[in-house]
file data_8.cif (mmCIF, N, CA and C atoms)
data_entry
#
loop_
_atom_site.group_PDB
_atom_site.id
_atom_site.type_symbol
_atom_site.label_atom_id
_atom_site.label_comp_id
_atom_site.auth_asym_id
_atom_site.auth_seq_id
_atom_site.Cartn_x
_atom_site.Cartn_y
_atom_site.Cartn_z
ATOM 1 N N ILE A 1 16.248 29.140 10.527
ATOM 2 C CA ILE A 1 15.591 27.864 10.808
ATOM 3 C C ILE A 1 14.486 27.671 9.783
ATOM 4 N N LEU A 2 14.390 26.443 9.279
ATOM 5 C CA LEU A 2 13.369 26.077 8.301
ATOM 6 C C LEU A 2 12.615 24.866 8.821
ATOM 7 N N ILE A 3 11.291 24.911 8.732
ATOM 8 C CA ILE A 3 10.456 23.779 9.130
ATOM 9 C C ILE A 3 9.799 23.229 7.870
ATOM 10 N N ILE A 4 9.945 21.921 7.665
ATOM 11 C CA ILE A 4 9.443 21.262 6.462
ATOM 12 C C ILE A 4 8.474 20.163 6.863
ATOM 13 N N THR A 5 7.375 20.048 6.148
ATOM 14 C CA THR A 5 6.480 18.904 6.306
ATOM 15 C C THR A 5 6.260 18.284 4.934
ATOM 16 N N THR A 6 6.100 16.969 4.921
ATOM 17 C CA THR A 6 5.883 16.240 3.679
ATOM 18 C C THR A 6 5.235 14.901 4.004
ATOM 19 N N PRO A 7 4.518 14.315 3.066
ATOM 20 C CA PRO A 7 4.020 12.956 3.313
ATOM 21 C C PRO A 7 5.184 11.998 3.577
ATOM 22 N N ASN A 8 4.946 11.003 4.401
ATOM 23 C CA ASN A 8 5.957 10.021 4.770
ATOM 24 C C ASN A 8 5.782 8.771 3.909
ATOM 25 N N SER A 9 6.790 8.458 3.110
ATOM 26 C CA SER A 9 6.777 7.265 2.250
ATOM 27 C C SER A 9 5.490 7.185 1.434
ATOM 28 N N GLU A 10 5.133 8.286 0.833
ATOM 29 C CA GLU A 10 3.902 8.379 0.042
ATOM 30 C C GLU A 10 3.950 7.433 -1.162
ATOM 31 N N ASN A 11 2.881 6.706 -1.384
ATOM 32 C CA ASN A 11 2.754 5.890 -2.586
ATOM 33 C C ASN A 11 2.201 6.804 -3.676
ATOM 34 N N LEU A 12 3.065 7.304 -4.529
ATOM 35 C CA LEU A 12 2.669 8.296 -5.529
ATOM 36 C C LEU A 12 1.610 7.774 -6.495
ATOM 37 N N SER A 13 1.664 6.493 -6.799
ATOM 38 C CA SER A 13 0.710 5.948 -7.770
ATOM 39 C C SER A 13 -0.728 5.960 -7.252
ATOM 40 N N GLU A 14 -0.926 5.987 -5.946
ATOM 41 C CA GLU A 14 -2.282 6.014 -5.386
ATOM 42 C C GLU A 14 -2.996 7.339 -5.637
ATOM 43 N N SER A 15 -2.255 8.401 -5.923
ATOM 44 C CA SER A 15 -2.859 9.718 -6.113
ATOM 45 C C SER A 15 -2.731 10.228 -7.547
ATOM 46 N N MET A 16 -2.568 9.306 -8.476
ATOM 47 C CA MET A 16 -2.455 9.702 -9.873
ATOM 48 C C MET A 16 -3.845 9.888 -10.484
ATOM 49 N N ASN A 17 -3.957 10.883 -11.329
ATOM 50 C CA ASN A 17 -5.201 11.161 -12.053
ATOM 51 C C ASN A 17 -4.918 11.147 -13.544
ATOM 52 N N PHE A 18 -5.949 10.878 -14.316
ATOM 53 C CA PHE A 18 -5.836 10.860 -15.772
ATOM 54 C C PHE A 18 -6.592 12.056 -16.332
ATOM 55 N N CYS A 19 -5.948 12.810 -17.200
ATOM 56 C CA CYS A 19 -6.592 13.947 -17.858
ATOM 57 C C CYS A 19 -7.128 13.469 -19.208
ATOM 58 N N PRO A 20 -8.441 13.486 -19.388
ATOM 59 C CA PRO A 20 -9.006 13.014 -20.660
ATOM 60 C C PRO A 20 -8.690 13.939 -21.837
ATOM 61 N N ASN A 21 -8.372 15.193 -21.558
ATOM 62 C CA ASN A 21 -8.063 16.136 -22.647
ATOM 63 C C ASN A 21 -6.689 15.904 -23.248
ATOM 64 N N CYS A 22 -5.669 15.841 -22.395
ATOM 65 C CA CYS A 22 -4.302 15.687 -22.909
ATOM 66 C C CYS A 22 -3.792 14.255 -22.815
ATOM 67 N N LYS A 23 -4.596 13.381 -22.180
ATOM 68 C CA LYS A 23 -4.250 11.957 -22.032
ATOM 69 C C LYS A 23 -3.009 11.734 -21.154
ATOM 70 N N CYS A 24 -2.772 12.651 -20.227
ATOM 71 C CA CYS A 24 -1.606 12.552 -19.349
ATOM 72 C C CYS A 24 -2.011 12.070 -17.963
ATOM 73 N N LEU A 25 -1.083 11.383 -17.307
ATOM 74 C CA LEU A 25 -1.227 11.049 -15.901
ATOM 75 C C LEU A 25 -0.482 12.092 -15.088
ATOM 76 N N TYR A 26 -1.080 12.497 -13.976
ATOM 77 C CA TYR A 26 -0.422 13.478 -13.115
ATOM 78 C C TYR A 26 -0.825 13.222 -11.672
ATOM 79 N N HIS A 27 0.024 13.609 -10.770
ATOM 80 C CA HIS A 27 -0.252 13.475 -9.347
ATOM 81 C C HIS A 27 -1.165 14.624 -8.937
ATOM 82 N N LYS A 28 -2.212 14.317 -8.192
ATOM 83 C CA LYS A 28 -3.214 15.352 -7.894
ATOM 84 C C LYS A 28 -2.671 16.538 -7.107
ATOM 85 N N TRP A 29 -1.536 16.369 -6.409
ATOM 86 C CA TRP A 29 -0.920 17.510 -5.705
ATOM 87 C C TRP A 29 0.413 17.891 -6.335
ATOM 88 N N GLN A 30 0.707 17.324 -7.490
ATOM 89 C CA GLN A 30 1.940 17.606 -8.228
ATOM 90 C C GLN A 30 3.200 17.110 -7.531
ATOM 91 N N HIS A 31 3.061 16.112 -6.653
ATOM 92 C CA HIS A 31 4.243 15.552 -6.006
ATOM 93 C C HIS A 31 5.049 14.758 -7.027
ATOM 94 N N LEU A 32 6.350 14.908 -6.965
ATOM 95 C CA LEU A 32 7.239 14.248 -7.921
ATOM 96 C C LEU A 32 8.035 13.099 -7.308
ATOM 97 N N ARG A 33 8.231 13.126 -5.989
ATOM 98 C CA ARG A 33 8.990 12.053 -5.352
ATOM 99 C C ARG A 33 8.427 11.781 -3.965
ATOM 100 N N SER A 34 8.742 10.626 -3.483
ATOM 101 C CA SER A 34 8.322 10.204 -2.156
ATOM 102 C C SER A 34 9.518 10.310 -1.209
ATOM 103 N N TRP A 35 9.273 10.790 0.003
ATOM 104 C CA TRP A 35 10.332 10.977 0.984
ATOM 105 C C TRP A 35 10.098 10.078 2.187
ATOM 106 N N ASN A 36 11.191 9.602 2.775
ATOM 107 C CA ASN A 36 11.142 8.967 4.090
ATOM 108 C C ASN A 36 12.195 9.676 4.949
ATOM 109 N N THR A 37 12.321 9.283 6.174
ATOM 110 C CA THR A 37 13.234 9.978 7.080
ATOM 111 C C THR A 37 14.661 10.004 6.526
ATOM 112 N N GLN A 38 15.108 8.881 6.007
ATOM 113 C CA GLN A 38 16.488 8.795 5.520
ATOM 114 C C GLN A 38 16.710 9.626 4.259
ATOM 115 N N THR A 39 15.811 9.515 3.276
ATOM 116 C CA THR A 39 16.019 10.256 2.024
ATOM 117 C C THR A 39 15.899 11.758 2.236
ATOM 118 N N LEU A 40 14.971 12.172 3.114
ATOM 119 C CA LEU A 40 14.830 13.599 3.401
ATOM 120 C C LEU A 40 16.061 14.116 4.139
ATOM 121 N N SER A 41 16.541 13.370 5.116
ATOM 122 C CA SER A 41 17.750 13.765 5.849
ATOM 123 C C SER A 41 18.935 13.899 4.899
ATOM 124 N N ASN A 42 19.133 12.898 4.063
ATOM 125 C CA ASN A 42 20.260 12.925 3.126
ATOM 126 C C ASN A 42 20.194 14.139 2.209
ATOM 127 N N ARG A 43 19.023 14.427 1.669
ATOM 128 C CA ARG A 43 18.887 15.551 0.739
ATOM 129 C C ARG A 43 19.131 16.884 1.436
ATOM 130 N N LEU A 44 18.594 17.050 2.631
ATOM 131 C CA LEU A 44 18.783 18.303 3.365
ATOM 132 C C LEU A 44 20.251 18.532 3.700
ATOM 133 N N ILE A 45 20.950 17.467 4.072
ATOM 134 C CA ILE A 45 22.382 17.581 4.367
ATOM 135 C C ILE A 45 23.150 17.934 3.091
ATOM 136 N N GLU A 46 22.786 17.301 1.961
ATOM 137 C CA GLU A 46 23.412 17.634 0.669
ATOM 138 C C GLU A 46 23.251 19.108 0.332
ATOM 139 N N LEU A 47 22.113 19.681 0.715
ATOM 140 C CA LEU A 47 21.833 21.087 0.426
ATOM 141 C C LEU A 47 22.464 22.046 1.433
ATOM 142 N N GLY A 48 23.189 21.508 2.416
ATOM 143 C CA GLY A 48 23.909 22.355 3.347
ATOM 144 C C GLY A 48 23.182 22.658 4.647
ATOM 145 N N PHE A 49 22.143 21.914 4.966
ATOM 146 C CA PHE A 49 21.408 22.143 6.209
ATOM 147 C C PHE A 49 21.899 21.217 7.309
ATOM 148 N N THR A 50 21.743 21.674 8.533
ATOM 149 C CA THR A 50 21.974 20.854 9.716
ATOM 150 C C THR A 50 20.605 20.401 10.207
ATOM 151 N N ILE A 51 20.461 19.112 10.462
ATOM 152 C CA ILE A 51 19.187 18.570 10.944
ATOM 153 C C ILE A 51 19.104 18.803 12.445
ATOM 154 N N ASN A 52 18.144 19.602 12.869
ATOM 155 C CA ASN A 52 17.894 19.810 14.296
ATOM 156 C C ASN A 52 16.946 18.735 14.822
ATOM 157 N N GLU A 53 15.979 18.383 14.002
ATOM 158 C CA GLU A 53 15.011 17.353 14.378
ATOM 159 C C GLU A 53 14.331 16.866 13.113
ATOM 160 N N ILE A 54 14.101 15.564 13.031
ATOM 161 C CA ILE A 54 13.318 14.997 11.941
ATOM 162 C C ILE A 54 12.573 13.794 12.492
ATOM 163 N N SER A 55 11.287 13.742 12.225
ATOM 164 C CA SER A 55 10.464 12.693 12.801
ATOM 165 C C SER A 55 9.185 12.540 11.995
ATOM 166 N N SER A 56 8.467 11.461 12.270
ATOM 167 C CA SER A 56 7.152 11.276 11.643
ATOM 168 C C SER A 56 6.070 11.642 12.650
ATOM 169 N N HIS A 57 4.921 12.004 12.126
ATOM 170 C CA HIS A 57 3.832 12.465 12.979
ATOM 171 C C HIS A 57 2.517 12.283 12.233
ATOM 172 N N ASP A 58 1.427 12.250 12.957
ATOM 173 C CA ASP A 58 0.108 12.224 12.333
ATOM 174 C C ASP A 58 -0.584 13.540 12.638
ATOM 175 N N PHE A 59 -0.431 14.499 11.741
ATOM 176 C CA PHE A 59 -1.039 15.813 11.930
ATOM 177 C C PHE A 59 -2.558 15.785 11.796
ATOM 178 N N SER A 60 -3.095 14.704 11.249
ATOM 179 C CA SER A 60 -4.543 14.647 11.031
ATOM 180 C C SER A 60 -5.313 14.293 12.293
ATOM 181 N N VAL A 61 -4.636 13.871 13.349
ATOM 182 C CA VAL A 61 -5.315 13.465 14.580
ATOM 183 C C VAL A 61 -5.789 14.697 15.332
ATOM 184 N N LYS A 62 -7.076 14.796 15.507
ATOM 185 C CA LYS A 62 -7.671 15.909 16.237
ATOM 186 C C LYS A 62 -7.651 15.583 17.733
ATOM 187 N N LYS A 63 -7.486 16.599 18.505
ATOM 188 C CA LYS A 63 -7.347 16.446 19.946
ATOM 189 C C LYS A 63 -8.518 15.684 20.576
ATOM 190 N N TYR A 64 -9.733 15.971 20.171
ATOM 191 C CA TYR A 64 -10.902 15.407 20.844
ATOM 192 C C TYR A 64 -11.658 14.377 20.013
ATOM 193 N N SER A 65 -11.134 13.985 18.872
ATOM 194 C CA SER A 65 -11.821 13.026 18.014
ATOM 195 C C SER A 65 -11.497 11.592 18.450
ATOM 196 N N MET A 66 -12.492 10.874 18.918
ATOM 197 C CA MET A 66 -12.300 9.503 19.371
ATOM 198 C C MET A 66 -11.939 8.587 18.206
ATOM 199 N N VAL A 67 -12.526 8.822 17.052
ATOM 200 C CA VAL A 67 -12.223 8.012 15.870
ATOM 201 C C VAL A 67 -10.753 8.191 15.489
ATOM 202 N N LYS A 68 -10.287 9.431 15.460
ATOM 203 C CA LYS A 68 -8.890 9.704 15.109
ATOM 204 C C LYS A 68 -7.940 9.116 16.151
ATOM 205 N N LYS A 69 -8.292 9.231 17.422
ATOM 206 C CA LYS A 69 -7.441 8.661 18.466
ATOM 207 C C LYS A 69 -7.360 7.142 18.330
ATOM 208 N N THR A 70 -8.472 6.521 17.977
ATOM 209 C CA THR A 70 -8.495 5.073 17.785
ATOM 210 C C THR A 70 -7.623 4.678 16.595
ATOM 211 N N LYS A 71 -7.705 5.448 15.495
ATOM 212 C CA LYS A 71 -6.873 5.167 14.326
ATOM 213 C C LYS A 71 -5.391 5.290 14.668
ATOM 214 N N LEU A 72 -5.035 6.313 15.430
ATOM 215 C CA LEU A 72 -3.646 6.507 15.832
ATOM 216 C C LEU A 72 -3.174 5.340 16.693
ATOM 217 N N HIS A 73 -4.011 4.923 17.639
ATOM 218 C CA HIS A 73 -3.665 3.805 18.505
ATOM 219 C C HIS A 73 -3.465 2.522 17.685
ATOM 220 N N MET A 74 -4.361 2.263 16.741
ATOM 221 C CA MET A 74 -4.252 1.069 15.900
ATOM 222 C C MET A 74 -2.994 1.122 15.034
ATOM 223 N N ARG A 75 -2.659 2.295 14.551
ATOM 224 C CA ARG A 75 -1.434 2.445 13.760
ATOM 225 C C ARG A 75 -0.216 2.062 14.606
ATOM 226 N N ARG A 76 -0.209 2.485 15.859
ATOM 227 C CA ARG A 76 0.907 2.139 16.742
ATOM 228 C C ARG A 76 0.932 0.637 17.027
ATOM 229 N N VAL A 77 -0.241 0.049 17.296
ATOM 230 C CA VAL A 77 -0.328 -1.383 17.588
ATOM 231 C C VAL A 77 0.162 -2.203 16.400
ATOM 232 N N LEU A 78 -0.194 -1.778 15.197
ATOM 233 C CA LEU A 78 0.180 -2.512 13.986
ATOM 234 C C LEU A 78 1.550 -2.108 13.446
ATOM 235 N N ASN A 79 2.246 -1.231 14.165
ATOM 236 C CA ASN A 79 3.566 -0.736 13.760
ATOM 237 C C ASN A 79 3.556 -0.093 12.378
ATOM 238 N N LYS A 80 2.500 0.621 12.068
ATOM 239 C CA LYS A 80 2.434 1.344 10.797
ATOM 240 C C LYS A 80 3.066 2.718 10.971
ATOM 241 N N GLN A 81 3.563 3.249 9.879
ATOM 242 C CA GLN A 81 4.211 4.555 9.913
ATOM 243 C C GLN A 81 3.191 5.677 10.064
ATOM 244 N N ASN A 82 3.619 6.743 10.702
ATOM 245 C CA ASN A 82 2.818 7.956 10.698
ATOM 246 C C ASN A 82 2.825 8.516 9.282
ATOM 247 N N PRO A 83 1.744 9.153 8.872
ATOM 248 C CA PRO A 83 1.628 9.557 7.465
ATOM 249 C C PRO A 83 2.431 10.798 7.066
ATOM 250 N N TYR A 84 3.005 11.520 8.009
ATOM 251 C CA TYR A 84 3.721 12.750 7.659
ATOM 252 C C TYR A 84 5.097 12.782 8.306
ATOM 253 N N LEU A 85 6.000 13.491 7.655
ATOM 254 C CA LEU A 85 7.318 13.782 8.210
ATOM 255 C C LEU A 85 7.396 15.267 8.500
ATOM 256 N N TYR A 86 8.154 15.612 9.521
ATOM 257 C CA TYR A 86 8.489 17.019 9.707
ATOM 258 C C TYR A 86 9.971 17.097 10.040
ATOM 259 N N ALA A 87 10.571 18.161 9.559
ATOM 260 C CA ALA A 87 11.981 18.384 9.815
ATOM 261 C C ALA A 87 12.180 19.822 10.244
ATOM 262 N N VAL A 88 13.018 20.016 11.233
ATOM 263 C CA VAL A 88 13.438 21.347 11.645
ATOM 264 C C VAL A 88 14.927 21.398 11.348
ATOM 265 N N VAL A 89 15.309 22.315 10.466
ATOM 266 C CA VAL A 89 16.711 22.377 10.018
ATOM 267 C C VAL A 89 17.209 23.816 10.112
ATOM 268 N N SER A 90 18.525 23.953 10.085
ATOM 269 C CA SER A 90 19.142 25.279 10.038
ATOM 270 C C SER A 90 20.313 25.195 9.088
ATOM 271 N N LEU A 91 20.791 26.352 8.671
ATOM 272 C CA LEU A 91 21.945 26.371 7.781
ATOM 273 C C LEU A 91 23.190 25.920 8.514
ATOM 274 N N ALA A 92 23.954 25.041 7.887
ATOM 275 C CA ALA A 92 25.186 24.571 8.485
ATOM 276 C C ALA A 92 26.189 25.699 8.585
ATOM 277 N N ASP A 93 27.031 25.645 9.594
ATOM 278 C CA ASP A 93 28.054 26.702 9.780
ATOM 279 C C ASP A 93 29.150 26.612 8.768
#

call {"tool": "encode", "arguments": {"input": "data_8.cif", "output": "structure tokens"}}
result
Amino acid sequence: ILIITTPNSENLSESMNFCPNCKCLYHKWQHLRSWNTQTLSNRLIELGFTINEISSHDFSVKKYSMVKKTKLHMRRVLNKQNPYLYAVVSLAD
């Protein structure tokens, strides 16, 4: 069993940095592609995995933080996506 987490539909251009030494643009966490539920599912199946579960979640919400709970509630009201994906997969038979 493999558990994967990744940003959900990440806008890669929002996290780009410019290096003044080499004049290159790079993603601050070295991310190369953006994943959503469908693209992640398709890729995992291509690699021979069986999807046990795949969903979006907000891992940043703290149990007792009123501000975080309010943000989560507003995200649901506005039908915005949760910022993270998680997948639980296993090797296909």

call {"tool": "resolve_selection", "arguments": {"input": "data_8.cif", "expression": "the PyMOL selection byres (((chain A and resi 9 and name CA) around 8) and name CA)", "output": "list in words"}}
result
Pro7, Asn8, Glu10, Asn11, Ser34, Trp35, Asn36 and Pro83 of chain A

call {"tool": "write_last_selection", "arguments": {"input": "data_8.cif", "atoms": "N, CA and C atoms", "output": "short mmCIF file (atom, residue, chain, number, x, y, z; two decimals), in the frame of the given file"}}
result
data_model
loop_
_atom_site.label_atom_id
_atom_site.label_comp_id
_atom_site.auth_asym_id
_atom_site.auth_seq_id
_atom_site.Cartn_x
_atom_site.Cartn_y
_atom_site.Cartn_z
N PRO A 7 4.52 14.32 3.07
CA PRO A 7 4.02 12.96 3.31
C PRO A 7 5.18 12.00 3.58
N ASN A 8 4.95 11.00 4.40
CA ASN A 8 5.96 10.02 4.77
C ASN A 8 5.78 8.77 3.91
N GLU A 10 5.13 8.29 0.83
CA GLU A 10 3.90 8.38 0.04
C GLU A 10 3.95 7.43 -1.16
N ASN A 11 2.88 6.71 -1.38
CA ASN A 11 2.75 5.89 -2.59
C ASN A 11 2.20 6.80 -3.68
N SER A 34 8.74 10.63 -3.48
CA SER A 34 8.32 10.20 -2.16
C SER A 34 9.52 10.31 -1.21
N TRP A 35 9.27 10.79 0.00
CA TRP A 35 10.33 10.98 0.98
C TRP A 35 10.10 10.08 2.19
N ASN A 36 11.19 9.60 2.78
CA ASN A 36 11.14 8.97 4.09
C ASN A 36 12.20 9.68 4.95
N PRO A 83 1.74 9.15 8.87
CA PRO A 83 1.63 9.56 7.46
C PRO A 83 2.43 10.80 7.07
#

call {"tool": "residues_around", "arguments": {"input": "data_8.cif", "residues": "Val89 in chain A", "least_positions_apart": "3", "cutoff": "6 Å", "atoms": "only C-alpha atoms", "output": "number ranges by chain"}}
result
A: 1-2, 50-52

call {"tool": "select_by_dssp", "arguments": {"input": "data_8.cif", "residues": "range 2-88 of chain A", "states": "strand (DSSP E)", "output": "count of residues only"}}
result
26

call {"tool": "closest_residue", "arguments": {"input": "data_8.cif", "among": "A:Thr70, A:Ser13, A:Ser55, A:Asn21", "to": "Thr37 in chain A", "atoms": "only N, CA and C atoms"}}
result
A:Ser55

call {"tool": "closest_residue", "arguments": {"input": "data_8.cif", "among": "A:Ile3, A:Val67, A:Leu12, A:Leu85", "to": "Leu32 in chain A", "atoms": "all atoms listed in the file"}}
result
A:Leu12

call {"tool": "select_by_dssp", "arguments": {"input": "data_8.cif", "residues": "range 8-93 of chain A", "states": "helix (DSSP H, G or I)", "output": "ChimeraX atom specification"}}
result
/A:12-15,37-46,66-77

call {"tool": "closest_residue", "arguments": {"input": "data_8.cif", "among": "A:Lys28, A:Tyr86, A:Arg43, A:Cys22", "to": "His57 in chain A", "atoms": "all atoms listed in the file"}}
result
A:Tyr86

call {"tool": "resolve_selection", "arguments": {"input": "data_8.cif", "expression": "the PyMOL selection byres (((chain A and resi 26 and name CA) around 6) and name CA)", "output": "VMD selection string"}}
result
chain A and resid 16 to 17 25 27

call {"tool": "closest_residue", "arguments": {"input": "data_8.cif", "among": "A:Cys24, A:Thr5, A:Gly48, A:Phe18", "to": "Ala92 in chain A", "atoms": "all atoms listed in the file"}}
result
A:Gly48

call {"tool": "atom_distance", "arguments": {"input": "data_8.cif", "atom1": "atom N of Leu91 in chain A", "atom2": "CA of Arg33 in chain A"}}
result
23.2 Å

call {"tool": "closest_residue", "arguments": {"input": "data_8.cif", "among": "A:Trp29, A:Ser65, A:Glu53, A:Phe59", "to": "Val88 in chain A", "atoms": "all atoms listed in the file"}}
result
A:Glu53

call {"tool": "closest_residue", "arguments": {"input": "data_8.cif", "among": "A:Leu40, A:Gln30, A:Ser56, A:Asn82", "to": "Ser15 in chain A", "atoms": "all atoms listed in the file"}}
result
A:Gln30
